[in-house]
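upload_12.cif follows (mmCIF, C-alpha atoms):
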```cif
data_final
loop_
_atom_site.label_atom_id
_atom_site.label_comp_id
_atom_site.auth_asym_id
_atom_site.auth_seq_id
_atom_site.Cartn_x
_atom_site.Cartn_y
_atom_site.Cartn_z
CA MET A 1 0.00 0.00 0.00
CA THR A 2 1.57 3.27 -1.13
CA PRO A 3 -0.62 6.30 -0.50
CA ALA A 4 0.56 9.63 -1.93
CA VAL A 5 1.70 12.47 0.28
CA ASP A 6 -0.46 15.58 -0.01
CA GLY A 7 0.54 18.62 -2.02
CA PRO A 8 2.02 19.41 -5.39
CA GLY A 9 4.90 17.25 -6.52
CA ALA A 10 3.76 14.55 -4.16
CA VAL A 11 6.05 11.59 -3.93
CA LEU A 12 5.11 8.03 -3.18
CA ALA A 13 4.94 7.44 0.54
CA ARG A 14 7.60 5.41 2.26
CA PRO A 15 6.36 2.22 3.96
CA GLN A 16 6.39 3.85 7.40
CA ASP A 17 3.91 6.53 6.31
CA VAL A 18 1.04 4.06 6.39
CA TRP A 19 2.01 3.15 9.97
CA ARG A 20 2.33 6.68 11.28
CA GLU A 21 -1.30 7.51 11.92
CA PRO A 22 -2.46 4.28 13.59
CA VAL A 23 0.69 4.03 15.72
CA THR A 24 0.35 7.68 16.76
CA LEU A 25 -3.24 7.01 17.80
CA GLU A 26 -2.16 4.05 19.95
CA VAL A 27 0.57 6.14 21.58
CA ALA A 28 -1.93 8.91 22.27
CA ALA A 29 -4.34 6.39 23.78
CA VAL A 30 -1.71 5.18 26.26
CA VAL A 31 -0.84 8.76 27.23
CA ALA A 32 -4.49 9.73 27.67
CA ALA A 33 -5.21 6.63 29.76
CA GLN A 34 -2.44 7.67 32.14
CA ASP A 35 -3.21 11.40 32.15
CA PRO A 36 -6.55 12.44 30.61
CA SER A 37 -5.41 16.07 30.53
CA ARG A 38 -2.90 15.19 27.81
CA ALA A 39 -5.18 14.44 24.90
CA GLY A 40 -3.30 15.79 21.88
CA LEU A 41 -1.73 13.73 19.11
CA PRO A 42 2.05 13.53 19.40
CA GLY A 43 4.27 14.38 16.45
CA ALA A 44 6.80 12.01 14.97
CA ASP A 45 9.61 13.73 16.88
CA ALA A 46 7.91 13.33 20.27
CA ARG A 47 10.16 11.27 22.55
CA PHE A 48 8.47 8.70 24.72
CA TYR A 49 10.12 9.61 28.01
CA ASP A 50 11.22 13.23 27.73
CA ASP A 51 8.16 14.58 25.92
CA LEU A 52 5.30 12.14 26.44
CA GLY A 53 6.02 11.09 30.01
CA PHE A 54 6.17 7.36 29.26
CA ASP A 55 7.51 4.97 31.85
CA SER A 56 8.14 1.22 31.66
CA VAL A 57 4.54 0.33 32.46
CA MET A 58 3.24 2.59 29.71
CA LEU A 59 5.68 1.02 27.24
CA MET A 60 4.33 -2.41 28.17
CA GLN A 61 0.81 -1.14 27.69
CA LEU A 62 1.74 0.33 24.31
CA LYS A 63 3.26 -2.97 23.21
CA TYR A 64 0.06 -4.75 24.19
CA ARG A 65 -2.09 -2.25 22.29
CA LEU A 66 0.09 -2.58 19.19
CA GLU A 67 -0.16 -6.38 19.33
CA THR A 68 -3.93 -6.08 19.57
CA ARG A 69 -4.18 -3.46 16.83
CA PHE A 70 -1.74 -5.21 14.45
CA PRO A 71 -2.15 -8.95 14.98
CA GLU A 72 -0.35 -9.51 11.66
CA LEU A 73 2.90 -8.46 13.40
CA GLY A 74 2.63 -11.37 15.82
CA GLU A 75 3.94 -11.09 19.37
CA LEU A 76 6.22 -8.08 19.80
CA SER A 77 9.27 -8.17 22.04
CA LEU A 78 10.00 -5.18 24.28
CA ALA A 79 13.58 -6.42 24.54
CA ASP A 80 13.91 -6.18 20.75
CA MET A 81 11.93 -2.94 20.52
CA VAL A 82 13.62 -1.00 23.28
CA GLY A 83 16.30 0.46 21.02
CA SER A 84 13.56 1.84 18.77
CA LEU A 85 11.43 3.23 21.57
CA LEU A 86 13.01 6.66 21.41
CA SER A 87 10.35 8.63 19.59
CA VAL A 88 7.07 7.99 17.81
CA GLY A 89 8.98 8.22 14.53
CA THR A 90 11.58 5.59 15.45
CA LEU A 91 8.84 3.23 16.61
CA VAL A 92 6.96 3.73 13.33
CA GLU A 93 10.13 2.88 11.42
CA TYR A 94 10.68 -0.22 13.53
CA LEU A 95 7.15 -1.49 12.93
CA ALA A 96 7.31 -0.70 9.22
CA ASP A 97 10.59 -2.62 8.95
CA LEU A 98 9.13 -5.48 10.95
CA ALA A 99 6.10 -5.64 8.65
CA GLU A 100 8.38 -5.62 5.61
CA GLY A 101 10.28 -8.53 7.06
CA GLN A 102 13.37 -6.39 7.47
CA PRO A 103 14.34 -6.36 11.12
CA SER A 104 16.05 -3.10 11.93
CA MET B 1 18.81 -23.58 48.99
CA THR B 2 20.64 -21.23 51.30
CA VAL B 3 18.52 -18.92 53.33
CA TYR B 4 18.88 -15.41 52.02
CA ALA B 5 20.26 -12.55 53.98
CA GLY B 6 17.30 -10.25 53.75
CA PRO B 7 17.37 -6.54 53.13
CA SER B 8 16.88 -5.84 56.81
CA GLU B 9 20.47 -7.00 57.23
CA LEU B 10 21.91 -5.73 53.96
CA VAL B 11 19.91 -2.63 53.11
CA GLY B 12 17.92 -1.65 56.16
CA GLU B 13 14.76 0.40 56.13
CA PRO B 14 14.51 3.18 53.54
CA LEU B 15 15.91 6.44 54.88
CA ARG B 16 13.76 9.54 54.48
CA VAL B 17 15.75 12.45 53.06
CA TYR B 18 14.19 15.90 53.42
CA GLY B 19 16.25 17.83 50.89
CA PRO B 20 19.79 19.21 50.84
CA ALA B 21 19.83 19.05 54.66
CA GLY B 22 19.71 15.28 54.66
CA PRO B 23 19.94 13.82 57.32
CA TRP B 24 23.18 12.68 55.74
CA ASP B 25 24.79 11.40 58.92
CA GLU B 26 22.22 8.60 58.99
CA VAL B 27 22.87 7.84 55.33
CA ARG B 28 26.61 7.66 55.93
CA GLU B 29 26.15 5.51 59.02
CA THR B 30 23.86 3.09 57.20
CA LEU B 31 26.23 2.82 54.28
CA THR B 32 29.17 2.24 56.60
CA GLU B 33 27.37 -0.36 58.70
CA LEU B 34 25.40 -2.21 56.02
CA GLY B 35 27.23 -1.34 52.83
CA SER B 36 24.01 -0.21 51.16
CA ALA B 37 21.24 2.33 51.66
CA VAL B 38 17.89 3.11 50.06
CA LEU B 39 16.87 6.77 50.25
CA VAL B 40 13.36 8.06 49.69
CA SER B 41 12.48 11.70 49.22
CA ARG B 42 9.67 13.86 47.90
CA LEU B 43 9.68 16.11 44.87
CA GLY B 44 8.76 19.07 47.05
CA ASP B 45 11.82 18.53 49.24
CA TRP B 46 13.99 19.54 46.29
CA LEU B 47 11.72 21.67 44.14
CA PRO B 48 9.44 23.69 46.43
CA ALA B 49 6.12 24.64 44.91
CA GLY B 50 6.41 27.90 43.03
CA GLY B 51 10.17 27.60 42.86
CA PRO B 52 12.69 29.79 44.62
CA PRO B 53 12.03 33.55 44.72
CA PRO B 54 13.69 35.87 42.20
CA ASP B 55 17.21 36.81 43.23
CA ALA B 56 18.20 40.48 43.24
CA ASP B 57 21.79 39.47 42.51
CA CYS B 58 20.88 37.18 39.63
CA ALA B 59 22.85 37.72 36.46
CA GLN B 60 19.56 37.55 34.59
CA GLY B 61 18.54 40.80 36.29
CA ALA B 62 14.86 41.59 36.01
CA ALA B 63 14.43 38.49 33.85
CA CYS B 64 15.30 36.25 36.79
CA LEU B 65 12.73 33.49 37.05
CA GLY B 66 14.16 32.18 40.27
CA CYS B 67 13.73 28.62 39.18
CA GLU B 68 14.82 28.17 35.60
CA LEU B 69 18.51 28.77 35.90
CA CYS B 70 19.25 28.52 39.59
CA ARG B 71 18.32 26.29 42.46
CA VAL B 72 18.24 27.38 46.06
CA VAL B 73 20.04 24.74 48.08
CA LEU B 74 21.73 24.49 51.42
CA GLY B 75 25.08 26.23 51.27
CA ALA B 76 28.28 25.27 53.06
CA ASP B 77 27.40 27.71 55.86
CA GLY B 78 24.03 26.04 56.42
CA GLY B 79 22.17 28.95 54.84
CA PRO B 80 20.53 29.09 51.43
CA ALA B 81 22.81 29.24 48.42
CA ARG B 82 22.13 29.32 44.73
CA VAL B 83 23.49 26.61 42.50
CA PRO B 84 22.86 26.79 38.77
CA ASP B 85 20.99 23.75 37.50
CA ARG B 86 23.49 23.65 34.68
CA THR B 87 26.27 23.02 37.18
CA VAL B 88 24.38 20.41 39.17
CA LEU B 89 23.11 18.51 36.16
CA GLY B 90 26.43 18.41 34.31
CA ARG B 91 26.10 16.10 31.33
CA ASP B 92 22.32 15.83 31.91
CA TRP B 93 21.83 19.56 31.35
CA ALA B 94 21.20 19.49 27.59
CA ARG B 95 18.70 16.68 27.88
CA TYR B 96 16.96 18.36 30.79
CA GLN B 97 16.64 21.61 28.86
CA ALA B 98 15.10 19.84 25.88
CA MET B 99 12.49 17.95 27.93
CA SER B 100 8.98 19.18 27.18
CA HIS B 101 7.02 17.13 29.72
CA GLU B 102 6.89 19.31 32.84
CA ASP B 103 6.41 16.56 35.41
CA VAL B 104 9.11 14.38 33.88
CA ARG B 105 11.40 17.39 33.82
CA SER B 106 10.83 18.13 37.50
CA ARG B 107 11.37 14.53 38.55
CA PHE B 108 14.46 14.29 36.38
CA LEU B 109 16.03 17.30 38.09
CA ALA B 110 14.90 16.46 41.62
CA SER B 111 16.09 12.85 41.41
CA ARG B 112 19.51 14.01 40.27
CA LEU B 113 19.69 16.59 43.04
CA LEU B 114 18.92 13.83 45.55
CA LEU B 115 21.47 11.47 44.00
CA LYS B 116 24.22 14.07 43.75
CA TYR B 117 23.74 15.37 47.27
CA ALA B 118 23.64 11.83 48.64
CA ALA B 119 26.67 10.67 46.66
CA GLY B 120 28.47 13.89 47.51
CA GLU B 121 27.88 13.42 51.22
CA VAL B 122 28.88 9.79 51.09
CA LEU B 123 32.01 10.44 49.02
CA GLN B 124 32.78 13.68 50.88
CA ALA B 125 32.72 15.63 47.66
CA ALA B 126 30.66 18.65 46.55
CA PRO B 127 27.37 17.61 44.87
CA GLU B 128 28.23 19.36 41.61
CA THR B 129 31.47 17.36 41.34
CA VAL B 130 29.55 14.06 41.36
CA ASP B 131 29.72 12.91 37.76
CA LEU B 132 26.58 10.99 36.88
CA ALA B 133 27.10 9.13 33.61
CA TYR B 134 25.27 6.42 31.69
CA LYS B 135 26.39 3.12 30.32
CA LEU B 136 25.30 1.84 26.95
CA GLY B 137 21.69 0.87 27.51
CA GLY B 138 21.13 3.69 29.97
CA ARG B 139 22.27 2.31 33.32
CA PRO B 140 23.46 5.22 35.47
CA TYR B 141 26.77 5.13 37.32
CA LEU B 142 29.16 7.44 39.12
CA ARG B 143 31.95 8.11 36.67
CA GLY B 144 35.36 7.74 38.22
CA CYS B 145 33.92 6.00 41.24
CA ASP B 146 32.80 2.57 40.15
CA GLN B 147 33.09 1.18 43.67
CA VAL B 148 29.81 2.80 44.67
CA ASP B 149 26.91 1.52 42.59
CA ILE B 150 23.73 3.56 42.28
CA SER B 151 20.17 3.24 41.08
CA LEU B 152 17.43 5.82 40.56
CA SER B 153 13.66 5.61 40.44
CA HIS B 154 10.90 8.17 40.59
CA THR B 155 7.17 8.16 40.14
CA GLU B 156 4.62 10.88 40.82
CA ASP B 157 6.21 12.86 43.67
CA LEU B 158 8.38 10.09 45.12
CA LEU B 159 12.12 9.92 44.51
CA VAL B 160 14.20 6.84 45.34
CA VAL B 161 17.96 6.40 45.25
CA GLY B 162 19.84 3.20 46.01
CA LEU B 163 23.53 3.26 46.96
CA THR B 164 25.80 0.29 47.59
CA ARG B 165 29.46 -0.47 47.92
CA ARG B 166 28.78 -4.20 47.94
CA GLY B 167 28.17 -4.77 44.24
CA TRP B 168 25.10 -3.84 42.24
CA ILE B 169 21.84 -2.25 43.32
CA GLY B 170 18.53 -1.64 41.58
CA VAL B 171 15.55 0.28 42.95
CA ASP B 172 12.06 0.74 41.58
CA ALA B 173 9.00 2.64 42.78
CA GLU B 174 5.41 2.51 41.66
CA LEU B 175 2.10 3.86 42.89
CA SER B 176 0.64 0.96 44.88
CA GLU B 177 -2.75 1.50 43.28
CA ARG B 178 -1.46 1.71 39.74
CA ARG B 179 -3.70 -0.46 37.62
CA LEU B 180 -1.67 -3.24 36.01
CA LEU B 181 -4.24 -6.06 36.04
CA GLY B 182 -6.17 -6.24 32.82
CA THR B 183 -3.88 -3.85 30.92
CA GLY B 184 -1.94 -6.63 29.23
CA ALA B 185 0.87 -6.07 31.70
CA GLU B 186 0.52 -9.32 33.63
CA LYS B 187 1.22 -11.37 30.53
CA GLN B 188 4.48 -9.50 30.08
CA ILE B 189 5.46 -9.43 33.75
CA CYS B 190 4.62 -12.84 35.12
CA THR B 191 5.96 -16.37 34.83
CA PRO B 192 3.36 -19.13 34.44
CA HIS B 193 3.96 -19.93 38.12
CA GLU B 194 3.16 -16.34 39.12
CA ILE B 195 0.09 -16.16 36.89
CA ALA B 196 -1.26 -19.28 38.61
CA LEU B 197 -0.59 -17.80 42.05
CA LEU B 198 -2.20 -14.48 41.16
CA ALA B 199 -5.26 -16.29 39.83
CA ALA B 200 -5.59 -18.11 43.15
CA MET B 201 -5.64 -14.87 45.13
CA PRO B 202 -8.73 -12.97 46.18
CA GLU B 203 -9.53 -10.34 43.56
CA TYR B 204 -8.68 -7.35 45.78
CA ARG B 205 -5.14 -8.56 46.33
CA ARG B 206 -4.17 -9.33 42.77
CA ASN B 207 -3.30 -5.84 41.58
CA PRO B 208 -1.18 -4.91 44.64
CA ALA B 209 0.61 -8.25 44.29
CA LEU B 210 1.26 -7.57 40.62
CA VAL B 211 2.60 -4.10 41.40
CA ARG B 212 4.94 -5.62 43.96
CA LEU B 213 6.13 -8.26 41.49
CA TRP B 214 6.68 -5.62 38.85
CA THR B 215 8.81 -3.40 41.11
CA LEU B 216 10.88 -6.41 42.21
CA LYS B 217 11.52 -7.40 38.62
CA GLU B 218 12.30 -3.86 37.56
CA ALA B 219 14.70 -3.47 40.48
CA TYR B 220 16.43 -6.73 39.56
CA SER B 221 16.62 -5.82 35.89
CA LYS B 222 17.99 -2.38 36.70
CA ALA B 223 20.59 -3.90 39.02
CA ILE B 224 21.93 -6.08 36.22
CA GLY B 225 21.78 -3.18 33.77
CA GLN B 226 19.17 -4.67 31.48
CA GLY B 227 16.08 -2.53 32.06
CA LEU B 228 13.37 -3.47 29.61
CA ARG B 229 15.84 -5.61 27.65
CA PHE B 230 15.30 -8.31 30.22
CA ARG B 231 12.48 -10.75 29.61
CA PHE B 232 10.44 -10.46 32.77
CA THR B 233 8.56 -13.67 32.16
CA GLU B 234 11.78 -15.66 32.42
CA PHE B 235 12.39 -15.17 36.12
CA GLY B 236 10.09 -14.95 39.08
CA PHE B 237 9.87 -14.53 42.82
CA ALA B 238 8.79 -16.70 45.67
CA PRO B 239 5.33 -15.67 46.80
CA GLY B 240 4.66 -15.86 50.50
CA ALA B 241 8.27 -16.61 51.37
CA ARG B 242 9.83 -14.74 54.24
CA ARG B 243 12.92 -14.26 52.10
CA VAL B 244 12.30 -13.09 48.55
CA GLN B 245 14.37 -15.06 46.08
CA VAL B 246 14.58 -15.42 42.34
CA LEU B 247 12.76 -18.40 40.86
CA ARG B 248 12.69 -19.98 37.43
CA PRO B 249 9.41 -19.74 35.48
CA ASP B 250 8.27 -23.08 36.90
CA GLY B 251 8.84 -21.87 40.47
CA SER B 252 12.10 -23.70 41.19
CA PRO B 253 14.97 -21.73 42.80
CA GLY B 254 16.95 -19.50 40.44
CA THR B 255 19.93 -17.32 41.28
CA GLY B 256 22.44 -17.83 44.05
CA GLU B 257 22.62 -16.42 47.52
CA GLU B 258 24.41 -13.25 46.45
CA TRP B 259 21.08 -11.61 45.70
CA SER B 260 18.78 -10.09 48.28
CA PHE B 261 15.50 -8.28 47.78
CA GLY B 262 13.10 -6.15 49.71
CA THR B 263 9.80 -4.38 49.18
CA TRP B 264 8.33 -1.60 51.29
CA SER B 265 5.13 0.35 51.30
CA ILE B 266 5.92 4.06 51.62
CA ASP B 267 3.20 6.16 53.23
CA ARG B 268 0.67 3.52 52.11
CA GLN B 269 0.91 5.15 48.70
CA TYR B 270 3.96 3.77 46.95
CA THR B 271 5.48 0.32 46.54
CA VAL B 272 9.28 0.45 46.56
CA SER B 273 11.51 -2.55 45.83
CA VAL B 274 15.24 -3.04 45.97
CA ALA B 275 17.46 -5.74 44.48
CA LEU B 276 21.00 -6.06 45.77
CA PHE B 277 23.81 -8.18 44.41
CA ASP B 278 26.59 -8.74 46.92
CA ALA B 279 29.81 -9.16 45.00
CA GLY B 280 31.83 -9.36 48.20
CA PHE B 281 33.05 -5.77 48.12
CA GLY B 282 31.59 -5.10 51.53
CA ASP B 283 34.76 -4.82 53.55
CA THR B 284 35.82 -1.43 52.30
CA ALA B 285 35.06 0.88 55.17
CA ASP B 286 36.67 3.99 53.70
CA ILE B 287 34.50 5.27 50.90
CA ALA B 288 35.68 8.87 50.82
CA ALA B 289 36.04 9.98 47.23
CA ARG B 290 39.79 10.28 47.52
CA THR B 291 40.03 6.60 48.44
CA MET B 292 37.39 5.28 46.08
CA LEU B 293 38.21 7.24 42.96
CA ASP B 294 40.00 5.35 40.24
CA ASP B 295 43.76 5.79 40.34
CA GLY B 296 44.89 8.57 38.10
CA LEU B 297 41.54 10.25 37.95
CA VAL B 298 41.91 11.64 41.44
CA ASP B 299 45.14 13.36 40.43
CA ALA B 300 43.51 14.82 37.37
CA LEU B 301 40.59 16.08 39.41
CA ILE B 302 42.75 17.67 42.06
CA ALA B 303 45.01 19.18 39.43
CA SER B 304 42.05 20.74 37.68
CA GLU B 305 40.68 22.02 41.00
CA GLN B 306 37.24 20.78 40.06
CA PHE B 307 37.42 18.41 42.93
CA GLU B 308 37.20 20.09 46.29
CA GLN B 309 37.24 17.92 49.33
CA PRO B 310 35.91 20.05 52.15
CA ASP B 311 37.47 19.71 55.53
CA ALA B 312 35.35 17.59 57.80
CA SER B 313 34.97 20.47 60.24
CA GLU B 314 33.41 22.59 57.51
CA GLN B 315 30.77 19.99 56.82
CA GLY B 316 29.09 20.75 60.11
CA ASP B 317 26.94 18.31 61.98
CA VAL B 318 24.06 17.65 59.67
CA SER B 319 22.03 16.23 62.52
CA GLU B 320 21.70 19.78 63.83
CA ARG B 321 20.21 21.04 60.63
CA PRO B 322 16.48 21.72 60.62
CA GLY B 323 14.34 18.68 60.04
CA ALA B 324 17.24 16.29 60.23
CA ARG B 325 15.78 14.34 63.11
CA GLU B 326 12.20 14.06 61.89
CA GLN B 327 10.96 10.53 61.73
CA PRO B 328 10.14 8.82 58.47
CA GLU B 329 6.43 9.09 57.76
CA SER B 330 5.54 5.48 57.29
CA PHE B 331 7.58 2.54 56.16
CA GLU B 332 5.91 -0.80 56.11
CA ARG B 333 7.75 -3.93 55.21
CA MET B 334 5.87 -6.00 52.67
CA ASP B 335 8.02 -9.08 52.59
CA GLY B 336 7.30 -11.12 55.66
CA GLY B 337 8.34 -8.75 58.43
CA GLY B 338 5.59 -7.32 60.60
CA ASP B 339 1.92 -7.66 59.80
CA PRO B 340 1.38 -10.75 57.68
CA LYS B 341 -1.62 -9.04 56.09
CA ALA B 342 0.80 -6.53 54.57
CA ASN B 343 2.43 -9.30 52.60
CA SER B 344 0.87 -9.23 49.19
CA PHE B 345 1.77 -12.82 48.54
CA THR B 346 0.62 -14.66 51.62
CA GLY B 347 -1.98 -17.16 50.67
#
```
Target format C-alpha cells, applied to this file:
Amino acid sequence: MTPAVDGPGAVLARPQDVWREPVTLEVAAVVAAQDPSRAGLPGADARFYDDLGFDSVMLMQLKYRLETRFPELGELSLADMVGSLLSVGTLVEYLADLAEGQPS
Amino acid sequence: MTVYAGPSELVGEPLRVYGPAGPWDEVRETLTELGSAVLVSRLGDWLPAGGPPPDADCAQGAACLGCELCRVVLGADGGPARVPDRTVLGRDWARYQAMSHEDVRSRFLASRLLLKYAAGEVLQAAPETVDLAYKLGGRPYLRGCDQVDISLSHTEDLLVVGLTRRGWIGVDAELSERRLLGTGAEKQICTPHEIALLAAMPEYRRNPALVRLWTLKEAYSKAIGQGLRFRFTEFGFAPGARRVQVLRPDGSPGTGEEWSFGTWSIDRQYTVSVALFDAGFGDTADIAARTMLDDGLVDALIASEQFEQPDASEQGDVSERPGAREQPESFERMDGGGDPKANSFTG
C-alpha cells in the first residue's frame, strides 16, 4: 500500500507513512489513559520519556495495544523494541521494517 | 537452597531524606554499617512549589525566574545558596533543557539533586562534582567511582535512590494502586507460576501483588543493567516466602545467595523494591572519594581544582540542621516482616 503524500509534486509514501497515523493514535491512547489532561496527538519527533512522560509500564501497555491493533505483526518483544522506543517516529520505522520482514 | 540474607540485614529500612539538609549522617552511618542504603524523598523537598524567589543578585537581572537557571540549596554555611541547575546537572543539562514534559522534567532534576547530594555526602565531595554518567543501555553510574553503585527511580512525587558499595543495586518505585491487572501487563510481567498464584488470590489482592512483582523485577533488571531488555517472564519470585528469592518460570529456585531483595510500602501510597547483588566488596570501610576514585583520575581532578574535598569540620553536623531528626512518615515492610496481612503474597 503506497498512498501519496499531499501537495504538489507529491512523492510516493515510504512504507512507514502508512504506519504513522495508527501508531500515533495508539501512543496517544496510552498517554491519555495515564493522564486524561494530555489528549493531543504527538508528532513524529515526540520522545516517549522526555516529551510524552512514558515509563516502563506505559511502554508495556503500548506494546500490548500494538499487538492487539496489528495482529499480523505477531507477538512483539520489548527487549527487541527498546532500542527503537526513542520517539514515535523511530517506533513507526521499527514497525514498518518489521512488517516488511526487514528487522532493523 | 541457602537462606537469604534479607534486606533488613543488607539494606535496612529506607531512609527519608528531606532535601539538601539530609539527614546525611544517617545515610553515611547506614552505608558504613550495612554497605548499602535506600533513600526516599519527595519532589517538594527539592523543588518547592512555586520555585525559589527571584534573586536580586541574579545575572539575569529583572528576567530572573528564580527557578529556571538557579536552584536554592543548602550552602556550606548552612544557609541558602544558589546553585545553577546547569552546574548540578552536568552532562544531563542538555537533555533536561530539551524535555517538554513538565512533570518528567521536574522529577528528572529532583532525582539528580537527591542522588548528587547523597553521593556527595557519602564520598565527601561537593554535589556538583559528582559525575553521573550512563552506560550503553542507559544504566546510570558514578563516573570515576565505580566502587559505589547507584540506582534511581521516581514516580509521581516520590524519589528513590539506592547506593551500595557491595556490588550492584537496583531500585524501583510505583504507585501501589497503579492499575496493572487487565492492561496486558501481567502477561508481560509474570511467569506461568506467578500467573497461577495471582489467579488463586482474592480479587482485591491481585493488583497490589502484581505491582509488587513488577517493582521487584524492575529493580532486579535495573541492578543487572538490562532494564526493559530483560524478559520479565523468564524469572520470578517466591510468593509468600519470608525471604524473597529469584525463581525460574516453573517456580524452582533460580539465582544464588548473592542476591537479596526487599519491598516496602511508603506512606501507604507507593510500593518500593530493591534488588541487591553482593559481589563481596563489603569490607571497604573507607568510601571517601579520595580513596574510592579510580587511580589517576583523582590526580587529574585535584590538578584541575574541580574536585574540592571540604574539611570535615566545615561539613558541620548535619544532625543539627532543621528537620534532620524528623521521623520517616511510614515505612511498612511487605516481605514477611511485621503484619502478615501486609504481605501481598501470603496465601
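Take the candidates A:Ala44, A:Leu95, A:Val23, A:Leu86 and check each one against A:Arg69 using all atoms listed in the file; the shortest distance goes to A:Val23.
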- prompt: For this file, the PyMOL selection byres ((chain B) within 10 of (chain A)) selects which residues, as a VMD selection string?
  reply: chain B and resid 95 to 96 98 to 105 108 137 154 to 155 174 178 to 180 183 to 189 214 218 226 to 232
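Here atom CA of A:Leu66 is placed at a distance of 14.7 Å from atom CA of A:Asp97.
If you look at atom CA of B:Lys135 and atom CA of B:Leu15, they are 26.9 Å away from each other.
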Hits of the PyMOL selection byres ((chain A and resi 25) around 12) in this structure, as a PyMOL selection string: chain A and resi 19-24+26-32+39-44+62+65-66+69+88+92
- request: Can you work out the spacing between atom CA of B:Ser36 and atom CA of B:Ala223 in Å, to one decimal?
  value: 13.1 Å
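With only C-alpha atoms as the atoms that count, the residue of B:Ala200, B:Ala209, B:Ala173, B:Leu43 with the shortest distance to B:Ser111 is B:Leu43.
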Dump of stretch 23-37 of chain A from preceding block, N, CA and C atoms, as a compact mmCIF listing (two decimals), in the first residue's frame:
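Now in result_1.txt:
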```
# COMPACT_ATOMS: atom_id res chain seq x y z
N VAL A 23 -0.23 4.15 14.59
CA VAL A 23 0.69 4.03 15.72
C VAL A 23 0.59 5.27 16.62
N THR A 24 0.49 6.44 15.99
CA THR A 24 0.35 7.68 16.76
C THR A 24 -0.91 7.64 17.62
N LEU A 25 -1.99 7.10 17.04
CA LEU A 25 -3.24 7.01 17.80
C LEU A 25 -3.09 6.08 19.01
N GLU A 26 -2.37 4.98 18.82
CA GLU A 26 -2.16 4.05 19.95
C GLU A 26 -1.30 4.70 21.03
N VAL A 27 -0.28 5.43 20.61
CA VAL A 27 0.57 6.14 21.58
C VAL A 27 -0.27 7.15 22.35
N ALA A 28 -1.09 7.89 21.63
CA ALA A 28 -1.93 8.91 22.27
C ALA A 28 -2.91 8.26 23.25
N ALA A 29 -3.38 7.08 22.91
CA ALA A 29 -4.34 6.39 23.78
C ALA A 29 -3.67 5.99 25.11
N VAL A 30 -2.43 5.55 25.04
CA VAL A 30 -1.71 5.18 26.26
C VAL A 30 -1.47 6.42 27.13
N VAL A 31 -1.08 7.51 26.49
CA VAL A 31 -0.84 8.76 27.23
C VAL A 31 -2.13 9.24 27.89
N ALA A 32 -3.22 9.22 27.14
CA ALA A 32 -4.49 9.73 27.67
C ALA A 32 -5.02 8.85 28.80
N ALA A 33 -4.75 7.53 28.70
CA ALA A 33 -5.21 6.63 29.76
C ALA A 33 -4.48 6.94 31.07
N GLN A 34 -3.22 7.36 30.96
CA GLN A 34 -2.44 7.67 32.14
C GLN A 34 -2.78 9.06 32.67
N ASP A 35 -2.97 10.00 31.76
CA ASP A 35 -3.21 11.40 32.15
C ASP A 35 -4.21 12.01 31.18
N PRO A 36 -5.51 11.98 31.53
CA PRO A 36 -6.55 12.44 30.61
C PRO A 36 -6.39 13.89 30.17
N SER A 37 -5.57 14.67 30.91
CA SER A 37 -5.41 16.07 30.53
C SER A 37 -4.49 16.21 29.31
```
